[in-house]
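Student: Below is the file data.cif, with mmCIF, C-alpha atoms.
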```cif
data_work
loop_
_atom_site.label_atom_id
_atom_site.label_comp_id
_atom_site.auth_asym_id
_atom_site.auth_seq_id
_atom_site.Cartn_x
_atom_site.Cartn_y
_atom_site.Cartn_z
CA MET U 90 423.23 60.03 33.00
CA SER U 91 424.72 63.23 34.08
CA ALA U 92 428.33 62.66 33.06
CA GLU U 93 429.74 61.72 29.70
CA THR U 94 431.77 58.71 30.71
CA SER U 95 431.07 55.80 33.00
CA SER U 96 433.85 56.70 35.41
CA GLY U 97 432.68 60.29 35.42
CA TYR U 98 429.15 59.14 36.21
CA ILE U 99 430.34 56.96 39.07
CA LYS U 100 432.62 59.65 40.47
CA HIS U 101 429.85 62.19 40.29
CA HIS U 102 427.52 59.91 42.21
CA LEU U 103 430.06 59.21 44.93
CA GLN U 104 430.91 62.86 45.50
CA ASN U 105 429.45 64.57 48.54
CA LEU U 106 428.15 68.08 48.41
CA GLN U 107 430.62 69.78 50.72
CA VAL U 108 431.20 73.16 52.24
CA CYS U 109 434.53 74.07 53.78
CA SER U 110 436.44 77.05 55.04
CA THR U 111 439.08 78.16 52.57
CA GLN U 112 441.22 81.23 52.29
CA GLU U 113 438.27 82.91 50.58
CA GLY U 114 435.82 82.01 53.32
CA TRP U 115 433.26 79.19 53.37
CA GLN U 116 432.86 77.65 49.94
CA PHE U 117 430.85 74.84 48.34
CA ASN U 118 432.53 72.40 46.01
CA THR U 119 431.33 72.86 42.43
CA SER U 120 431.19 70.87 39.21
CA GLU U 121 434.36 72.68 38.11
CA ASN U 122 436.18 71.86 41.33
CA PRO U 123 434.58 68.77 42.92
CA THR U 124 437.53 68.04 45.23
CA LEU U 125 437.75 71.55 46.66
CA CYS U 126 437.28 70.29 50.22
CA LYS U 127 439.30 67.10 49.93
CA GLY U 128 441.61 66.70 52.92
CA ASN U 129 440.18 69.77 54.60
CA LEU U 130 439.16 68.96 58.17
CA VAL U 131 437.03 72.07 58.58
CA ALA U 132 434.38 70.90 56.15
CA PHE U 133 430.83 69.60 56.23
CA ASN U 134 429.23 66.99 54.00
CA VAL U 135 426.05 68.97 53.56
CA ASP U 136 424.06 66.21 51.86
CA SER U 137 424.88 63.53 54.45
CA MET U 138 424.05 65.84 57.31
CA PHE U 139 420.87 67.09 55.67
CA PHE U 140 419.45 63.66 54.92
CA SER U 141 420.51 62.04 58.18
CA LEU U 142 419.08 64.88 60.24
CA LEU U 143 415.93 64.91 58.15
CA LEU U 144 415.47 61.18 58.70
CA GLY U 145 416.32 61.57 62.38
CA PHE U 146 413.67 64.21 62.79
CA VAL U 147 411.15 62.12 60.85
CA PHE U 148 411.91 59.30 63.30
CA LEU U 149 411.50 61.54 66.34
CA TRP U 150 408.34 63.13 64.96
CA MET U 151 406.72 59.78 64.16
CA PHE U 152 407.52 58.20 67.49
CA ARG U 153 406.72 61.31 69.47
CA ARG U 154 403.31 61.46 67.79
CA ALA U 155 402.67 57.84 68.70
CA ALA U 156 403.93 58.42 72.25
CA LYS U 157 401.70 61.43 72.82
CA LYS U 158 398.61 59.64 71.55
CA ALA U 159 399.56 56.35 73.22
CA THR U 160 396.49 54.76 74.71
CA THR U 161 396.40 51.78 77.01
CA GLY U 162 393.15 50.69 75.40
CA VAL U 163 392.74 49.47 71.84
CA PRO U 164 395.67 50.99 69.89
CA SER U 165 395.31 52.59 66.47
CA LYS U 166 397.08 50.88 63.57
CA PHE U 167 399.81 53.50 63.65
CA GLN U 168 400.37 53.01 67.36
CA ALA U 169 400.36 49.23 66.89
CA PHE U 170 403.06 49.61 64.22
CA ILE U 171 405.21 51.81 66.46
CA GLU U 172 404.69 49.45 69.38
CA LEU U 173 405.72 46.55 67.17
CA ILE U 174 409.10 48.25 66.62
CA ILE U 175 409.39 49.17 70.32
CA ASP U 176 408.61 45.61 71.31
CA PHE U 177 411.09 44.20 68.78
CA VAL U 178 413.88 46.39 70.16
CA ASP U 179 412.84 45.83 73.77
CA THR U 180 412.83 42.03 73.38
CA ASN U 181 416.28 42.01 71.80
CA VAL U 182 417.69 44.37 74.41
CA LYS U 183 416.21 42.39 77.30
CA ASP U 184 417.57 39.14 75.87
CA THR U 185 421.08 40.54 75.66
CA PHE U 186 421.43 43.20 78.31
CA HIS U 187 420.83 42.13 81.89
CA GLY U 188 422.07 45.16 83.76
CA LYS U 189 419.95 48.03 84.93
CA ASN U 190 420.28 50.97 82.57
CA ARG U 191 417.36 52.99 81.25
CA MET U 192 419.42 54.35 78.39
CA ILE U 193 420.17 51.13 76.52
CA ALA U 194 416.72 50.46 75.08
CA PRO U 195 416.10 54.00 73.81
CA LEU U 196 419.65 54.04 72.43
CA GLY U 197 419.01 50.76 70.64
CA LEU U 198 415.70 52.05 69.27
CA THR U 199 417.26 55.27 68.00
CA ILE U 200 420.14 53.45 66.36
CA PHE U 201 417.97 50.77 64.80
CA VAL U 202 415.32 53.04 63.32
CA TRP U 203 417.72 55.79 62.31
CA VAL U 204 420.20 53.48 60.62
CA TYR U 205 417.39 51.54 58.95
CA MET U 206 415.87 54.72 57.55
CA MET U 207 419.25 55.93 56.31
CA ASN U 208 419.86 52.55 54.67
CA LEU U 209 416.43 52.59 53.07
CA MET U 210 417.36 55.75 51.16
CA ASP U 211 419.39 53.32 49.05
CA LEU U 212 416.17 51.97 47.54
CA ILE U 213 415.35 55.30 45.91
CA PRO U 214 416.60 55.02 42.31
CA VAL U 215 420.07 56.52 42.25
CA ASP U 216 419.40 59.26 39.73
CA ILE U 217 416.08 60.72 40.90
CA ILE U 218 417.14 63.02 43.74
CA PRO U 219 420.56 64.06 42.32
CA LYS U 220 418.86 64.90 39.01
CA LEU U 221 416.22 67.06 40.70
CA ALA U 222 418.97 68.72 42.74
CA GLU U 223 420.97 69.40 39.59
CA MET U 224 417.97 71.19 38.11
CA MET U 225 417.95 73.38 41.20
CA GLY U 226 421.64 74.11 40.78
CA ILE U 227 423.09 71.71 43.33
CA PRO U 228 425.97 69.88 41.61
CA PHE U 229 426.32 66.86 43.92
CA LEU U 230 424.00 64.98 46.18
CA LYS U 231 424.63 61.69 47.94
CA VAL U 232 421.31 60.67 49.39
CA VAL U 233 422.34 57.66 51.49
CA PRO U 234 423.91 59.04 54.67
CA SER U 235 425.14 55.62 55.80
CA THR U 236 427.50 55.50 52.78
CA ASP U 237 429.41 58.33 54.43
CA VAL U 238 432.14 57.28 56.88
CA ASN U 239 431.59 60.44 58.87
CA VAL U 240 428.05 59.36 59.69
CA THR U 241 428.86 55.78 60.61
CA PHE U 242 431.94 56.76 62.59
CA ALA U 243 430.01 59.43 64.43
CA MET U 244 427.67 56.76 65.71
CA SER U 245 430.34 54.21 66.55
CA ILE U 246 432.48 56.81 68.32
CA SER U 247 429.50 57.94 70.40
CA ILE U 248 429.02 54.31 71.35
CA PHE U 249 432.75 53.92 72.05
CA ILE U 250 432.57 56.85 74.46
CA LEU U 251 429.59 55.22 76.14
CA ILE U 252 431.48 51.92 76.41
CA ILE U 253 434.40 53.61 78.14
CA PHE U 254 432.10 55.73 80.32
CA TYR U 255 430.12 52.74 81.57
CA SER U 256 433.21 50.55 81.92
CA ILE U 257 434.70 53.12 84.29
CA LYS U 258 431.38 53.82 86.02
CA ILE U 259 430.63 50.16 86.74
CA LYS U 260 434.11 48.74 87.28
CA GLY U 261 435.88 51.85 88.49
CA ILE U 262 439.09 53.16 86.96
CA GLY U 263 441.04 50.44 88.74
CA GLY U 264 438.81 47.67 87.49
CA PHE U 265 438.84 48.96 83.95
CA THR U 266 442.62 49.30 83.98
CA LYS U 267 442.95 45.82 85.41
CA GLU U 268 440.75 44.47 82.66
CA LEU U 269 442.98 46.13 80.07
CA THR U 270 446.29 45.12 81.62
CA LEU U 271 445.80 41.77 83.40
CA ASN U 272 443.81 40.00 80.69
CA PRO U 273 444.28 37.48 79.16
CA PHE U 274 447.64 36.75 80.95
CA ASN U 275 447.32 37.44 84.64
CA HIS U 276 450.96 38.32 85.38
CA TRP U 277 452.69 41.67 85.85
CA ALA U 278 455.32 40.86 83.25
CA ALA U 279 452.65 40.38 80.59
CA ILE U 280 451.16 43.84 81.06
CA PRO U 281 452.50 45.32 77.78
CA ILE U 282 451.26 42.37 75.74
CA ASN U 283 447.91 42.44 77.51
CA LEU U 284 447.61 46.16 76.89
CA ILE U 285 448.22 45.69 73.18
CA LEU U 286 445.77 42.79 72.89
CA GLU U 287 442.99 44.33 74.96
CA GLY U 288 443.58 47.77 73.49
CA ALA U 289 443.26 46.37 69.98
CA ALA U 290 440.09 44.53 70.97
CA LEU U 291 438.67 47.71 72.46
CA ILE U 292 439.57 49.89 69.48
CA ALA U 293 438.32 47.25 67.05
CA LYS U 294 434.80 47.56 68.42
CA PRO U 295 433.92 51.02 67.09
CA ILE U 296 435.98 50.59 63.94
CA SER U 297 434.38 47.28 62.97
CA LEU U 298 430.96 48.64 63.88
CA SER U 299 431.18 51.66 61.63
CA LEU U 300 433.18 50.09 58.79
CA ARG U 301 430.76 47.15 58.56
CA LEU U 302 427.80 49.47 58.01
CA PHE U 303 429.75 51.83 55.78
CA GLY U 304 431.20 49.01 53.68
CA ASN U 305 427.90 47.26 53.15
CA MET U 306 426.00 50.38 52.24
CA TYR U 307 428.78 51.85 50.12
CA ALA U 308 429.14 48.61 48.17
CA GLY U 309 425.38 48.38 47.76
CA GLU U 310 425.17 51.93 46.49
CA LEU U 311 428.08 51.33 44.12
CA ILE U 312 426.36 48.29 42.65
CA TYR U 313 423.18 50.33 42.15
CA ILE U 314 425.25 52.89 40.28
CA LEU U 315 426.89 50.19 38.15
CA ILE U 316 423.50 48.64 37.38
CA ALA U 317 422.20 52.07 36.43
CA LEU U 318 424.93 52.25 33.77
CA MET U 319 423.58 49.22 31.92
CA GLY U 320 420.77 50.72 29.90
CA LEU U 321 417.59 48.66 29.57
CA TYR U 322 419.14 45.54 31.12
CA GLN U 323 419.19 47.33 34.44
CA LEU U 324 415.49 46.69 35.08
CA PRO U 325 415.56 42.97 36.06
CA LEU U 326 418.96 43.38 37.70
CA HIS U 327 417.80 46.40 39.60
CA PHE U 328 414.79 44.45 40.90
CA GLY U 329 416.95 41.50 41.97
CA TRP U 330 419.48 43.67 43.71
CA SER U 331 416.75 45.65 45.45
CA VAL U 332 415.25 42.47 46.85
CA LEU U 333 418.65 41.44 48.19
CA HIS U 334 419.40 44.90 49.42
CA LEU U 335 416.12 45.09 51.28
CA LEU U 336 417.48 42.30 53.44
CA VAL U 337 420.88 43.95 53.74
CA THR U 338 419.45 47.27 54.91
CA PHE U 339 417.44 45.62 57.67
CA LEU U 340 420.23 43.25 58.63
CA GLN U 341 422.83 46.02 58.90
CA ALA U 342 420.57 48.17 61.06
CA PHE U 343 419.77 45.18 63.24
CA ILE U 344 423.44 44.16 63.57
CA PHE U 345 424.44 47.70 64.43
CA MET U 346 421.84 47.84 67.19
CA MET U 347 422.59 44.36 68.53
CA LEU U 348 426.36 44.91 68.64
CA THR U 349 425.83 48.23 70.40
CA VAL U 350 423.78 46.46 73.04
CA VAL U 351 426.28 43.61 73.30
CA TYR U 352 429.26 45.97 73.69
CA LEU U 353 427.46 48.01 76.35
CA SER U 354 426.40 44.81 78.05
CA LEU U 355 430.06 43.74 78.19
CA ALA U 356 430.94 47.16 79.58
CA HIS U 357 428.44 46.56 82.39
CA GLU U 358 429.80 43.15 83.30
CA ASP U 359 431.84 43.21 86.47
CA HIS U 360 434.15 40.25 86.83
CA MET Y 49 437.26 58.19 53.27
CA ASP Y 50 437.92 61.75 54.27
CA PHE Y 51 436.94 62.73 57.75
CA ASN Y 52 435.79 66.23 58.55
CA LEU Y 53 433.52 68.21 60.85
CA THR Y 54 430.49 66.25 59.62
CA MET Y 55 431.44 63.66 62.19
CA ALA Y 56 431.26 66.14 65.06
CA GLY Y 57 427.91 67.37 63.83
CA GLN Y 58 426.62 63.82 63.60
CA ILE Y 59 427.83 63.01 67.11
CA ILE Y 60 425.91 66.01 68.48
CA ALA Y 61 422.83 65.02 66.47
CA MET Y 62 423.03 61.49 67.76
CA ILE Y 63 423.32 62.62 71.38
CA VAL Y 64 420.28 64.86 70.94
CA PHE Y 65 418.26 62.13 69.24
CA VAL Y 66 419.07 59.52 71.86
CA TRP Y 67 418.39 61.96 74.68
CA PHE Y 68 415.03 62.93 73.18
CA THR Y 69 414.06 59.30 72.65
CA MET Y 70 415.05 58.47 76.21
CA LYS Y 71 413.12 61.37 77.74
CA ASN Y 72 410.07 61.83 75.55
CA ILE Y 73 409.40 58.70 73.53
CA TRP Y 74 410.50 55.47 75.14
CA PRO Y 75 408.99 55.89 78.64
CA LEU Y 76 405.54 56.86 77.30
CA LEU Y 77 405.27 54.02 74.82
CA ASP Y 78 406.78 51.49 77.20
CA ALA Y 79 404.38 52.51 79.96
CA ALA Y 80 401.44 52.23 77.57
CA ILE Y 81 402.51 48.75 76.48
CA VAL Y 82 403.10 47.52 80.03
CA GLU Y 83 399.80 48.96 81.23
CA ARG Y 84 397.94 47.34 78.35
CA GLN Y 85 399.58 44.01 79.13
CA GLU Y 86 398.33 44.30 82.69
CA LYS Y 87 394.85 45.20 81.46
CA ILE Y 88 394.77 42.21 79.15
CA ALA Y 89 395.95 39.91 81.93
CA GLU Y 90 393.24 41.29 84.21
CA GLY Y 91 390.64 40.87 81.48
CA LEU Y 92 391.62 37.27 80.91
CA ALA Y 93 391.51 36.57 84.65
CA ALA Y 94 388.07 38.21 84.87
CA ALA Y 95 386.86 36.11 81.95
CA ASP Y 96 388.06 32.96 83.72
CA ARG Y 97 386.37 34.07 86.90
CA SER Y 98 383.07 34.80 85.20
CA GLN Y 99 383.25 31.43 83.47
CA GLN Y 100 383.54 29.80 86.88
CA ASP Y 101 380.70 31.95 88.19
CA LEU Y 102 378.57 30.89 85.27
CA GLU Y 103 379.25 27.21 85.91
CA LEU Y 104 378.41 27.69 89.57
CA ALA Y 105 375.20 29.52 88.72
CA GLN Y 106 374.22 26.80 86.27
CA LYS Y 107 374.83 24.18 88.94
CA ASN Y 108 372.75 26.21 91.42
CA ALA Y 109 369.97 26.60 88.90
CA ALA Y 110 369.90 22.87 88.22
CA GLU Y 111 369.82 22.20 91.95
CA THR Y 112 366.94 24.63 92.49
CA MET Y 113 365.06 23.16 89.55
CA ARG Y 114 365.41 19.64 90.93
CA GLU Y 115 364.27 20.77 94.36
CA ALA Y 116 361.24 22.47 92.86
CA LYS Y 117 360.38 19.33 90.91
CA ASP Y 118 360.69 17.23 94.06
CA LYS Y 119 358.51 19.66 95.96
CA ALA Y 120 355.90 19.66 93.22
CA ALA Y 121 355.82 15.86 93.13
CA GLU Y 122 355.46 15.77 96.89
CA LEU Y 123 352.60 18.27 96.79
CA LEU Y 124 350.92 16.27 94.07
CA ASP Y 125 351.23 13.12 96.15
CA GLN Y 126 349.79 14.85 99.18
CA ALA Y 127 346.92 16.22 97.16
CA LYS Y 128 346.14 12.78 95.76
CA LYS Y 129 346.25 11.28 99.21
CA ARG Y 130 344.03 14.04 100.56
CA HIS Y 131 341.64 13.53 97.70
CA ALA Y 132 341.41 9.85 98.41
CA GLU Y 133 340.86 10.55 102.08
CA ILE Y 134 338.09 13.02 101.36
CA VAL Y 135 336.41 10.60 98.98
CA ASP Y 136 336.72 7.81 101.56
CA SER Y 137 335.35 9.89 104.39
CA ALA Y 138 332.50 11.06 102.17
CA LYS Y 139 331.70 7.45 101.34
CA ASP Y 140 331.77 6.57 105.03
CA ASP Y 141 329.54 9.50 105.89
CA ALA Y 142 327.11 8.56 103.15
CA ARG Y 143 327.07 4.97 104.24
CA ALA Y 144 326.48 5.91 107.87
CA GLU Y 145 323.68 8.29 106.87
CA ALA Y 146 322.14 5.60 104.70
CA ASP Y 147 322.39 3.13 107.56
CA LYS Y 148 320.80 5.63 109.89
CA ILE Y 149 317.97 6.28 107.45
CA LYS Y 150 317.57 2.56 106.90
CA ALA Y 151 317.50 1.92 110.63
CA GLY Y 152 314.94 4.70 111.11
CA ALA Y 153 312.78 3.28 108.35
CA GLU Y 154 313.08 -0.23 109.75
CA ALA Y 155 312.14 0.99 113.24
CA GLU Y 156 309.16 2.81 111.80
CA ILE Y 157 308.14 -0.26 109.90
CA GLU Y 158 308.52 -2.31 113.07
CA GLN Y 159 306.41 0.16 114.97
CA GLU Y 160 303.80 0.18 112.26
CA VAL Y 161 303.76 -3.59 112.25
CA HIS Y 162 303.51 -3.61 116.02
CA ARG Y 163 300.69 -1.11 115.98
CA ALA Y 164 298.91 -2.98 113.24
CA ARG Y 165 299.32 -6.19 115.17
CA GLU Y 166 298.05 -4.50 118.33
CA GLU Y 167 295.07 -3.17 116.40
CA LEU Y 168 294.54 -6.51 114.88
CA ARG Y 169 294.77 -8.17 118.25
CA LYS Y 170 292.31 -5.71 119.77
CA GLN Y 171 289.94 -6.19 116.88
CA VAL Y 172 290.36 -9.95 117.11
CA SER Y 173 289.77 -9.87 120.85
CA VAL Y 174 286.74 -7.64 120.36
CA LEU Y 175 285.65 -9.94 117.64
CA ALA Y 176 286.34 -12.92 119.85
CA VAL Y 177 284.50 -11.32 122.74
CA ALA Y 178 281.68 -10.41 120.45
CA GLY Y 179 281.64 -13.95 119.20
CA ALA Y 180 281.83 -15.28 122.69
CA GLU Y 181 279.12 -12.82 123.81
CA LYS Y 182 276.99 -14.02 121.10
CA ILE Y 183 277.74 -17.57 122.18
CA LEU Y 184 277.36 -16.81 125.85
CA GLN Y 185 274.28 -14.67 125.47
CA ARG Y 186 272.81 -17.85 125.04
CA SER Y 187 274.50 -19.39 128.01
CA ILE Y 188 276.35 -17.24 130.50
CA ASP Y 189 277.23 -13.73 131.50
CA ALA Y 190 280.15 -12.29 129.71
CA SER Y 191 281.68 -10.80 132.77
CA ALA Y 192 282.05 -14.16 134.48
CA GLN Y 193 284.32 -15.40 131.70
CA ALA Y 194 286.31 -12.16 131.15
CA ASP Y 195 289.53 -13.53 132.71
CA ILE Y 196 289.53 -16.39 130.31
CA LEU Y 197 289.03 -13.99 127.40
CA ASP Y 198 291.85 -11.74 128.58
CA SER Y 199 294.23 -14.64 128.80
CA LEU Y 200 293.24 -15.51 125.26
CA VAL Y 201 293.88 -11.97 124.07
CA ALA Y 202 297.34 -12.05 125.70
CA GLU Y 203 298.25 -15.20 123.87
CA LEU Y 204 297.53 -13.58 120.53
#
```
Can the structure in the file be given as structure tokens, please?
Tutor:
Amino acid sequence: MSAETSSGYIKHHLQNLQVCSTQEGWQFNTSENPTLCKGNLVAFNVDSMFFSLLLGFVFLWMFRRAAKKATTGVPSKFQAFIELIIDFVDTNVKDTFHGKNRMIAPLGLTIFVWVYMMNLMDLIPVDIIPKLAEMMGIPFLKVVPSTDVNVTFAMSISIFILIIFYSIKIKGIGGFTKELTLNPFNHWAAIPINLILEGAALIAKPISLSLRLFGNMYAGELIYILIALMGLYQLPLHFGWSVLHLLVTFLQAFIFMMLTVVYLSLAHEDH
Amino acid sequence: MDFNLTMAGQIIAMIVFVWFTMKNIWPLLDAAIVERQEKIAEGLAAADRSQQDLELAQKNAAETMREAKDKAAELLDQAKKRHAEIVDSAKDDARAEADKIKAGAEAEIEQEVHRAREELRKQVSVLAVAGAEKILQRSIDASAQADILDSLVAEL
């Protein structure tokens, strides 16, 4: 335990390592002033970005290696494993998305593997990496990027932009506007109500997408931290929660991918 | 729940990752999988085809075998028949030869008998004439009774 009290320990574990621009230039938050960057928009969560980019590059490197060596003959075990994931994503995308768009499957694959890898960071015992970092003089380190709203919102907002882009591309501006204003009540007088309802439904998509992932992973991480406070009793509990969480990590990644595909599929549907 | 520039950075990262996956990862792996599926389908079809070929070949082989057996049996029959014919003709030949030899021998015997009889007859006639001469020396000339003697010889 790095802090003296339980609440201090929890707070310490939930604090991002941040860097932000202040009046004295770019500054990291420190143990003395952990909330230096709180409320500052011009700030970076260094740990979230570092781990998510690291995992992203691991993903790209792994799959690129498999893609370069891809043989149409008997595949190596590594290639078979990668193809298993590709096939899993491809099957799900083909079942859900019936339009013609070469971007959906790669998007689904990237989201699924990336989110799953970020979620899996949760299985590393909560103290190992922050403790090592502390020895190297880094005061805070949150290792699970998907417990950071910035990360989950970044993904859902990218998807939201894609939804709007494809809605307009497929249905035209007129069609998209009609969908927002003349649904569910097809009458000119109901346009304001329709706009509110459809607008809320549209906005709810990215928000629910990102908050679902964030909430699940944040809660999971919090429970790991609470279990870690329990002394020796943590061992059986930790095992039980890890088993459960193993399912949660996969399920959340899968849901994120599937909902992305479903939303984009809806965007492609022309009534 | 504080938002900051991390989000912008993550959006850029995500765009780059998705773009890279779309350009450099997905098409290669997908192509490999599809091509392998085709190969496997072709392989299975070829296996089916060769199975059919095998069955056909087996049928052909059985057919050929049966034909050969039939042919062999036929040849055997012919050979047996020919054998019997040869044996028969040999028997006939032998019999004919034997008959010929027998006939020759019989003719010879006949001739011999005839000659012996002729000899005998001559000797008998000579003997008879001699006897008669002896008888007639006492009575008459032999030449006067020659016609009677000749007729006697002819009767023998």
Student: Give the residues of chain U that lie within 7 Å of chain Y; count all atoms listed in the file, and format the answer as a PyMOL selection string.
Tutor: chain U and resi 128-134+138+152-153+156+159-162+192+195-196+199+238-240+242-244+247
Student: Report as a PyMOL selection string all protein, DNA and RNA residues lying within 6 Å of stretch 338-345 of chain U, evaluated on only C-alpha atoms, omitting residues in the same chain fewer than 5 positions from it.
Tutor: chain U and resi 201+204-205+208
Student: Could you tell me how far atom CA of U:Ala308 sits from atom CA of U:Lys127, in Å to one decimal place?
Tutor: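 Distance reported for this atom pair: 21.2 Å.
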Student: Padding of 8 Å on every side, edges along x, y and z, all listed atoms of stretch 297-312 of chain U included: what centre and edge lengths in Å, to one decimal, does that box have, as AutoDock Vina command-line options?
Tutor:
```
--center_x 429.8 --center_y 49.5 --center_z 53.3 --size_x 25.2 --size_y 20.8 --size_z 37.2
```
Student: Do you know which residues are at most 10 Å from stretch 212-226 of chain U counting all atoms listed in the file, after dropping those on the same chain fewer than 5 positions away, and could you put them as a ChimeraX atom specification?
Tutor: /U:90-91,101-102,119,231-233,309-311,313-314,316-317,327,330-332,334-335,338
Student: I need the output of the PyMOL selection byres ((chain U and resi 267-276) around 12) for this file as a PDB file with C-alpha atoms, in the coordinates of the input; which residues are they?
Tutor:
```
ATOM      1  CA  ILE U 253     434.400  53.610  78.140  1.00  0.00           C
ATOM      2  CA  SER U 256     433.210  50.550  81.920  1.00  0.00           C
ATOM      3  CA  ILE U 257     434.700  53.120  84.290  1.00  0.00           C
ATOM      4  CA  LYS U 260     434.110  48.740  87.280  1.00  0.00           C
ATOM      5  CA  GLY U 261     435.880  51.850  88.490  1.00  0.00           C
ATOM      6  CA  ILE U 262     439.090  53.160  86.960  1.00  0.00           C
ATOM      7  CA  GLY U 263     441.040  50.440  88.740  1.00  0.00           C
ATOM      8  CA  GLY U 264     438.810  47.670  87.490  1.00  0.00           C
ATOM      9  CA  PHE U 265     438.840  48.960  83.950  1.00  0.00           C
ATOM     10  CA  THR U 266     442.620  49.300  83.980  1.00  0.00           C
ATOM     11  CA  TRP U 277     452.690  41.670  85.850  1.00  0.00           C
ATOM     12  CA  ALA U 278     455.320  40.860  83.250  1.00  0.00           C
ATOM     13  CA  ALA U 279     452.650  40.380  80.590  1.00  0.00           C
ATOM     14  CA  ILE U 280     451.160  43.840  81.060  1.00  0.00           C
ATOM     15  CA  PRO U 281     452.500  45.320  77.780  1.00  0.00           C
ATOM     16  CA  ILE U 282     451.260  42.370  75.740  1.00  0.00           C
ATOM     17  CA  ASN U 283     447.910  42.440  77.510  1.00  0.00           C
ATOM     18  CA  LEU U 284     447.610  46.160  76.890  1.00  0.00           C
ATOM     19  CA  ILE U 285     448.220  45.690  73.180  1.00  0.00           C
ATOM     20  CA  LEU U 286     445.770  42.790  72.890  1.00  0.00           C
ATOM     21  CA  GLU U 287     442.990  44.330  74.960  1.00  0.00           C
ATOM     22  CA  GLY U 288     443.580  47.770  73.490  1.00  0.00           C
ATOM     23  CA  ALA U 289     443.260  46.370  69.980  1.00  0.00           C
ATOM     24  CA  ALA U 290     440.090  44.530  70.970  1.00  0.00           C
ATOM     25  CA  LEU U 291     438.670  47.710  72.460  1.00  0.00           C
ATOM     26  CA  ILE U 292     439.570  49.890  69.480  1.00  0.00           C
ATOM     27  CA  LEU U 355     430.060  43.740  78.190  1.00  0.00           C
ATOM     28  CA  ALA U 356     430.940  47.160  79.580  1.00  0.00           C
ATOM     29  CA  GLU U 358     429.800  43.150  83.300  1.00  0.00           C
ATOM     30  CA  ASP U 359     431.840  43.210  86.470  1.00  0.00           C
ATOM     31  CA  HIS U 360     434.150  40.250  86.830  1.00  0.00           C
TER      32      HIS U 360
END
```
Student: Expressed in Å to a single decimal, how great is the separation between atom CA of U:Ile174 and atom CA of U:Ala155?
Tutor: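 Between atom CA of U:Ile174 and atom CA of U:Ala155 the gap works out to 11.7 Å.
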Student: What separation in Å, quoted to one decimal, exists between atom CA of U:Met210 and atom CA of U:Pro234?
Tutor: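 Pair atom CA of U:Met210 / atom CA of U:Pro234 returns 8.1 Å.
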Student: Can you translate the PyMOL selection byres ((chain U and resi 181) around 10) into the concrete residues it hits in this file, as a VMD selection string?
Tutor: chain U and resid 176 to 180 182 to 186 194 197 343 346 to 347 350
Student: Would you mind putting back N, CA, C and O atoms on stretch 82-90 of chain Y, then writing it out as a PDB file, in the coordinates of the input?
Tutor:
```pdb
ATOM      1  N   VAL Y  82     403.138  48.296  78.780  1.00  0.00           N
ATOM      2  CA  VAL Y  82     403.100  47.520  80.030  1.00  0.00           C
ATOM      3  C   VAL Y  82     401.701  47.575  80.640  1.00  0.00           C
ATOM      4  O   VAL Y  82     401.143  46.558  81.059  1.00  0.00           O
ATOM      5  N   GLU Y  83     401.128  48.807  80.633  1.00  0.00           N
ATOM      6  CA  GLU Y  83     399.800  48.960  81.230  1.00  0.00           C
ATOM      7  C   GLU Y  83     398.773  48.128  80.467  1.00  0.00           C
ATOM      8  O   GLU Y  83     397.904  47.499  81.066  1.00  0.00           O
ATOM      9  N   ARG Y  84     398.891  48.131  79.134  1.00  0.00           N
ATOM     10  CA  ARG Y  84     397.940  47.340  78.350  1.00  0.00           C
ATOM     11  C   ARG Y  84     398.109  45.859  78.636  1.00  0.00           C
ATOM     12  O   ARG Y  84     397.140  45.114  78.747  1.00  0.00           O
ATOM     13  N   GLN Y  85     399.359  45.427  78.797  1.00  0.00           N
ATOM     14  CA  GLN Y  85     399.580  44.010  79.130  1.00  0.00           C
ATOM     15  C   GLN Y  85     398.878  43.651  80.424  1.00  0.00           C
ATOM     16  O   GLN Y  85     398.205  42.624  80.519  1.00  0.00           O
ATOM     17  N   GLU Y  86     398.996  44.556  81.417  1.00  0.00           N
ATOM     18  CA  GLU Y  86     398.330  44.300  82.690  1.00  0.00           C
ATOM     19  C   GLU Y  86     396.824  44.214  82.507  1.00  0.00           C
ATOM     20  O   GLU Y  86     396.157  43.328  83.040  1.00  0.00           O
ATOM     21  N   LYS Y  87     396.304  45.177  81.703  1.00  0.00           N
ATOM     22  CA  LYS Y  87     394.850  45.200  81.460  1.00  0.00           C
ATOM     23  C   LYS Y  87     394.389  43.899  80.833  1.00  0.00           C
ATOM     24  O   LYS Y  87     393.371  43.333  81.214  1.00  0.00           O
ATOM     25  N   ILE Y  88     395.162  43.442  79.855  1.00  0.00           N
ATOM     26  CA  ILE Y  88     394.770  42.210  79.150  1.00  0.00           C
ATOM     27  C   ILE Y  88     394.795  41.035  80.114  1.00  0.00           C
ATOM     28  O   ILE Y  88     393.883  40.206  80.138  1.00  0.00           O
ATOM     29  N   ALA Y  89     395.857  41.005  80.953  1.00  0.00           N
ATOM     30  CA  ALA Y  89     395.950  39.910  81.930  1.00  0.00           C
ATOM     31  C   ALA Y  89     394.754  39.944  82.863  1.00  0.00           C
ATOM     32  O   ALA Y  89     394.120  38.914  83.127  1.00  0.00           O
ATOM     33  N   GLU Y  90     394.406  41.157  83.324  1.00  0.00           N
ATOM     34  CA  GLU Y  90     393.240  41.290  84.210  1.00  0.00           C
ATOM     35  C   GLU Y  90     391.974  40.830  83.504  1.00  0.00           C
ATOM     36  O   GLU Y  90     391.147  40.121  84.083  1.00  0.00           O
TER      37      GLU Y  90
END
```
